[in-house]
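Asker: Can you read through this structure? Questions will come right after.
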Amino acid sequence: MQDLEKGCESGGIWEEVWENVPDKVKELQEMVHRQIESNDENIPAVLDDCLWAVMELYKDSSFLTAKKLEFSYSIRGNEMFVTRKDKSITKATVLLAFHKAIELQRKQVEITGPKKLGTFGASYLYPIFLQLGIIRRNQQISFKLFSTV
């Protein structure tokens, strides 16, 4: 758990203005994947804070749902407002989906779509998590067929 805290607290990320956003996303990805590989089922609050901070950076960016519908979101306080939806998605719900994504990947379950997250707003959270690299899709493996000559 200390390794995770080092990564996030190294510069007080939620207080500073990030000059190089892709580096911070990469840092979040590395922390998430260290958490997936660990045996510790308790997800540290510092990881949740990092996710929310990165999500704040990407507010007003365009994303596509699994059905290819374009959307963006804004964040006000502890709520996420999606352009295609009247209701907000609370920070608690985002974190619930985030924890579920980590748990499933720890169990080596491929997250093939939003339904696997099983939370309100999953159709919007799934593509965001994909884009941020929180959810990794299994890469297709190509097999070379051997022929006898």
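Here, A, B, ... name the chains of the structure tokens in the order displayed, residue numbers run from 1 inside each chain, and ligands are numbered from 1 in the same displayed order.
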Excluding same-chain residues fewer than 2 positions from Glu103 in chain A, what lies within 12 Å of it counting only C-alpha atoms, as a list of chain:residue names?

Answerer: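 Here the answer would be A:Val32, A:His33, A:Gln35, A:Ile36, A:Glu37, A:Ser38, A:Asn39, A:Asp40, A:Glu41, A:Asn42, A:Ile43, A:Leu96, A:Ala97, A:Phe98, A:His99, A:Lys100, A:Ala101, A:Gln105, A:Arg106, A:Lys107, A:Gln108, A:Val109, A:Glu110, A:Ile111, A:Lys116, A:Leu117, A:Ile134, A:Ile135.
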
Asker: Would you save the residues of that selection, restricted to C-alpha atoms, as a CSV table (one decimal), in the first residue's frame?

Answerer:
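Now in selection_3.csv:
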```csv
chain,number,residue,atom,x,y,z
A,32,VAL,CA,-4.2,0.6,-10.6
A,33,HIS,CA,-2.4,-2.2,-12.1
A,35,GLN,CA,-3.3,-2.8,-7.0
A,36,ILE,CA,-4.8,-5.4,-9.4
A,37,GLU,CA,-1.6,-7.5,-9.1
A,38,SER,CA,-1.5,-7.3,-5.3
A,39,ASN,CA,-3.3,-9.6,-2.9
A,40,ASP,CA,-4.6,-6.7,-0.9
A,41,GLU,CA,-8.4,-6.4,-1.4
A,42,ASN,CA,-8.5,-3.0,0.4
A,43,ILE,CA,-8.2,-0.2,-2.1
A,96,LEU,CA,-18.0,1.5,-6.6
A,97,ALA,CA,-17.6,0.9,-10.4
A,98,PHE,CA,-13.8,1.6,-10.1
A,99,HIS,CA,-13.4,-1.0,-7.2
A,100,LYS,CA,-15.5,-3.5,-9.2
A,101,ALA,CA,-13.2,-3.1,-12.2
A,105,GLN,CA,-9.4,-7.8,-13.2
A,106,ARG,CA,-7.7,-9.2,-10.1
A,107,LYS,CA,-9.8,-12.3,-10.6
A,108,GLN,CA,-8.8,-12.3,-14.3
A,109,VAL,CA,-12.3,-11.7,-15.5
A,110,GLU,CA,-12.3,-9.7,-18.8
A,111,ILE,CA,-14.6,-6.7,-18.6
A,116,LYS,CA,-19.9,-6.2,-16.0
A,117,LEU,CA,-19.5,-3.1,-13.8
A,134,ILE,CA,-8.1,1.5,-15.9
A,135,ILE,CA,-9.8,-1.4,-17.8
```

Asker: As an exercise, work out the distance from CA of Asn78 in chain A to CA of Ala53 in chain A in Å and give it to one decimal place.

Answerer: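 Value for the CA of Asn78 in chain A-CA of Ala53 in chain A distance: 11.3 Å.
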
Asker: Write out as a list in words the residues lying within 8 Å of range 66-69 of chain A, counting only C-alpha atoms and excluding same-chain residues fewer than 2 positions away.

Answerer: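 Counting only the stated atoms, we get Leu64, Phe71, Gly113, Pro114, Ser123 and Pro127 of chain A.
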
Asker: Have a look at A:Thr65, A:Gln29, A:Ser72, A:Thr90 and name the one nearest to Phe120 in chain A; count only C-alpha atoms.

Answerer: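 The answer is A:Thr90, which sits nearest to Phe120 in chain A.
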
Asker: Using only C-alpha atoms, which of A:Arg76, A:Lys26, A:Lys115, A:Arg84 sits nearest Gln131 in chain A?

Answerer: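 Closest to Gln131 in chain A of all the choices is A:Lys26.
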
Asker: Give the helix (DSSP H, G or I) residues of range 89-131 of chain A, as DSSP finds them on the backbone, and put them as a PyMOL selection string.

Answerer: chain A and resi 91-106+114-116+122-131

Asker: Hey, which of A:Lys91, A:Arg34, A:Lys24, A:Arg137 ends up closest to Leu125 in chain A? Count only C-alpha atoms.

Answerer: A:Lys91

Asker: Could you tell me how far CA of Tyr124 in chain A lies from CA of Tyr73 in chain A, in Å and to one decimal?

Answerer: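 Atom-to-atom, CA of Tyr124 in chain A to CA of Tyr73 in chain A, that is 9.1 Å.
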
Asker: Which one is closest to Met55 in chain A: A:Ile102, A:Ile128, A:Gly133, A:Phe81? Count only C-alpha atoms.

Answerer: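 For Met55 in chain A, the nearest of the given residues is A:Ile128.
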
Asker: Could you tell me how far CA of Gly121 in chain A lies from CA of Ile89 in chain A, in Å and to one decimal?

Answerer: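 Going from CA of Gly121 in chain A over to CA of Ile89 in chain A, I get 6.3 Å.
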